[in-house]
Structure formats: C-alpha cells, structure tokens
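Everything on this sheet refers to the single structure shown next.
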Amino acid sequence: MNYKINDFKELRALVGEPSELAKRKVISIIDEHCRKFLAHSPFLILSTADSSGYCDASPRGDAPGFVIVLDQKRIVIPERPGNKRMDSLKNILSNPSVGLLFLIPGMPETLRVNGKASLTLDPIVLEKMEASGKKPILGIEVEVEECFIQCGKALKRSGLWTPDSWTEQHSLPSGSEILAAHSRLPGTSVADIQTRLEDGYKNRLY
C-alpha cells in the first residue's frame, strides 16, 4: 500500500485551504514592524541549498539587532568566525535563494524572510556590524522577496520558552562527546575537544 503523497491536489484536499489572513499576510518589504522585530532578535536560522538542491540550515546569533537593515528591501547578516566549513556561504555562491527564521526569546511568533543572498565586503556595511572591536569577516546581504510573521503554535507546542519543559543537561550527551564520537579524530579525547570548545567560546567568538 502506498502511503506517500505525490500530488498537490491530493495534498490540498488533505490539508484544506488557507484563511484569508494567511493568504494576505505576506509582504515584500521590511516595514516598520519587521524592522522592530529584527532590532530585538538575537538569533536566526539561515536555510540554503546548493545548485543540486542539497540543503543546509545554519544558526546565526549575536546581540539583539545584529542583523542590520539597509533599506526596505535589503538586510545584512554578519559572518563571524566559525569552523571554516562555509556550508552556507558555498551554497549562496551557487544558489542565492535563502530562507531566514528570526526568533525573539519568550515570543511565540517568529519572523520568516525569504529572498536572494549575496556576499559583501563593503567596508561601510562591515563597520556597522562591528562587535567587541572586530568587524565581521564578510556580510550576507539578503534582498527581501517575502516577509511574514509565523504564528506561535510550533513554539507553544514545543515549550521552547518554558523552562519547566527543558531537558536536564546531565541526561544529555555533551557537545564534546558527540563531536568525539562523530569525528573519531585519532589521538583526541573528549576532554581535548571540550577544551577546544571552551577556548573557542571564550577567545574566538569575534
């Protein structure tokens, strides 16, 4: 028996029609409300795909307002020091289409932005995103095509902002344990990786 859905008409019949509110909520600019949301958001998820459609989702975080608004159609995300894999950056060079999801701690609604990205070295833009006395390596400039608020059902169901629902840390494997198991780096212990992580968090955030 086939349990897969491969036809949009079948999918629409199953899910139903969106409300007029859902249809009309999408705008194509960063208006004053979106600008205020971005000014208070310290975290986003950047979704990209390469020319073959291979996808990636990457976290980006900094002080609230770290993503700057150039005008109603353009925003820029600072690229801080990382692991140098450049998954998102490589994808953008081959496929500029990106999706962004902005979060504000404690707020159930999220802001979704879709558009076309490019990589910029504009010194004036980079200077605006300076943090701890250091400019970002480069900027990810996004030309906004769609912008809309997402209702908070997912965050409410997940209890993301409800401390009572959070998993106790001691019951989870640590980041260093996971990295050690996945990388299998010869001659490197969990303690070695934990030391590297702690050093990076302390000395190489910017």
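Residue names in the structure tokens use chain letters A, B, ... in the order shown, residue numbers from 1 in each chain, and ligand numbers from 1 in the order shown.
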
Might you pull out every residue within 8 Å of Val67 (chain A), with only C-alpha atoms counted and same-chain residues fewer than 6 positions away left off, and present them as a PyMOL selection string?
chain A and resi 38-39+75-78+129

Point-to-point distance in Å for CA of Pro59 (chain A) and CA of Ser174 (chain A):
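These atoms are spaced 18.4 Å apart.
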
Can you work out the spacing between CA of Met107 (chain A) and CA of Gly65 (chain A) in Å, to one decimal?
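Atom-to-atom, CA of Met107 (chain A) and CA of Gly65 (chain A) are spaced 15.5 Å apart.
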
Can you list, as number ranges by chain, every protein, DNA or RNA residue that comes within 8 Å of region 130-139 of chain A when you count only C-alpha atoms, leaving out same-chain residues fewer than 5 positions away?
A: 76-81, 119-121, 125, 206

Contacts between region 44-51 of chain A and region 107-181 of chain A, please, where a residue of region 107-181 of chain A counts if it comes within 12 Å (with only C-alpha atoms); show its shortest atom pair and distance in Å to one decimal, rows by chain and ascending number, as JSON lines.
```
{"residue": "A:Thr110", "atom": "CA", "partner": "A:Leu44", "partner_atom": "CA", "distance": 9.6}
{"residue": "A:Leu111", "atom": "CA", "partner": "A:Leu44", "partner_atom": "CA", "distance": 9.2}
{"residue": "A:Arg112", "atom": "CA", "partner": "A:Leu44", "partner_atom": "CA", "distance": 9.5}
{"residue": "A:Val113", "atom": "CA", "partner": "A:Leu46", "partner_atom": "CA", "distance": 9.7}
{"residue": "A:Asn114", "atom": "CA", "partner": "A:Ser47", "partner_atom": "CA", "distance": 9.4}
{"residue": "A:Gly115", "atom": "CA", "partner": "A:Thr48", "partner_atom": "CA", "distance": 10.6}
{"residue": "A:Lys116", "atom": "CA", "partner": "A:Thr48", "partner_atom": "CA", "distance": 10.1}
{"residue": "A:Ala117", "atom": "CA", "partner": "A:Thr48", "partner_atom": "CA", "distance": 9.4}
{"residue": "A:Ser118", "atom": "CA", "partner": "A:Thr48", "partner_atom": "CA", "distance": 11.8}
{"residue": "A:Ile140", "atom": "CA", "partner": "A:Leu46", "partner_atom": "CA", "distance": 10.3}
{"residue": "A:Val142", "atom": "CA", "partner": "A:Leu46", "partner_atom": "CA", "distance": 10.9}
```

Distance table requested - region 61-150 of chain A against region 21-26 of chain A, cut-off 7 Å, only C-alpha atoms: one row per qualifying residue with the closest atom pair and its distance in Å to one decimal, ordered by chain and rising residue number, as CSV.
```
residue,atom,partner,partner_atom,distance
A:Glu146,CA,A:Val26,CA,6.3
A:Cys147,CA,A:Val26,CA,5.7
A:Phe148,CA,A:Val26,CA,4.9
```

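DSSP on the backbone gives strand (DSSP E or B) for these parts of region 96-137 of chain A: Ser97, Val98, Gly99, Leu100, Leu101, Phe102, Leu103, Thr110, Leu111, Arg112, Val113, Asn114, Gly115, Lys116, Ala117, Ser118, Leu119, Thr120, Ala131 and Lys134 of chain A.
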
Using C-alpha atoms, can you export the residues from the last selection as an mmCIF file, in the first residue's frame?
```cif
data_model
loop_
_atom_site.group_PDB
_atom_site.id
_atom_site.type_symbol
_atom_site.label_atom_id
_atom_site.label_comp_id
_atom_site.auth_asym_id
_atom_site.auth_seq_id
_atom_site.Cartn_x
_atom_site.Cartn_y
_atom_site.Cartn_z
ATOM 1 C CA SER A 97 17.855 31.607 -2.703
ATOM 2 C CA VAL A 98 17.688 31.651 1.101
ATOM 3 C CA GLY A 99 15.116 31.371 3.856
ATOM 4 C CA LEU A 100 15.530 33.027 7.253
ATOM 5 C CA LEU A 101 13.687 32.355 10.511
ATOM 6 C CA PHE A 102 14.100 35.001 13.223
ATOM 7 C CA LEU A 103 13.337 34.319 16.887
ATOM 8 C CA THR A 110 8.616 34.130 14.572
ATOM 9 C CA LEU A 111 9.522 36.208 11.525
ATOM 10 C CA ARG A 112 10.172 34.489 8.196
ATOM 11 C CA VAL A 113 12.140 36.204 5.436
ATOM 12 C CA ASN A 114 12.800 34.709 2.003
ATOM 13 C CA GLY A 115 14.971 36.227 -0.683
ATOM 14 C CA LYS A 116 18.179 36.237 -2.671
ATOM 15 C CA ALA A 117 21.537 36.393 -0.906
ATOM 16 C CA SER A 118 24.963 37.638 -1.902
ATOM 17 C CA LEU A 119 28.269 38.034 -0.068
ATOM 18 C CA THR A 120 29.528 41.555 0.561
ATOM 19 C CA ALA A 131 31.324 43.779 17.770
ATOM 20 C CA LYS A 134 36.138 43.440 15.468
#
```

Would you compute the distance between CA of Gln72 (chain A) and CA of Arg60 (chain A)? Give it in Å to one decimal.
21.4 Å

Among region 93-203 of chain A, which ones does DSSP assign to helix (DSSP H, G or I) (computed from the backbone)? Answer as JSON, numbers by chain.
{"A": [93, 94, 123, 124, 125, 126, 127, 128, 153, 154, 155, 156, 157, 158, 163, 164, 165, 169, 170, 171, 175, 176, 177, 178, 179, 180, 181, 182, 183, 190, 191, 192, 193, 194, 195, 196, 197, 198, 199, 200, 201, 202, 203]}
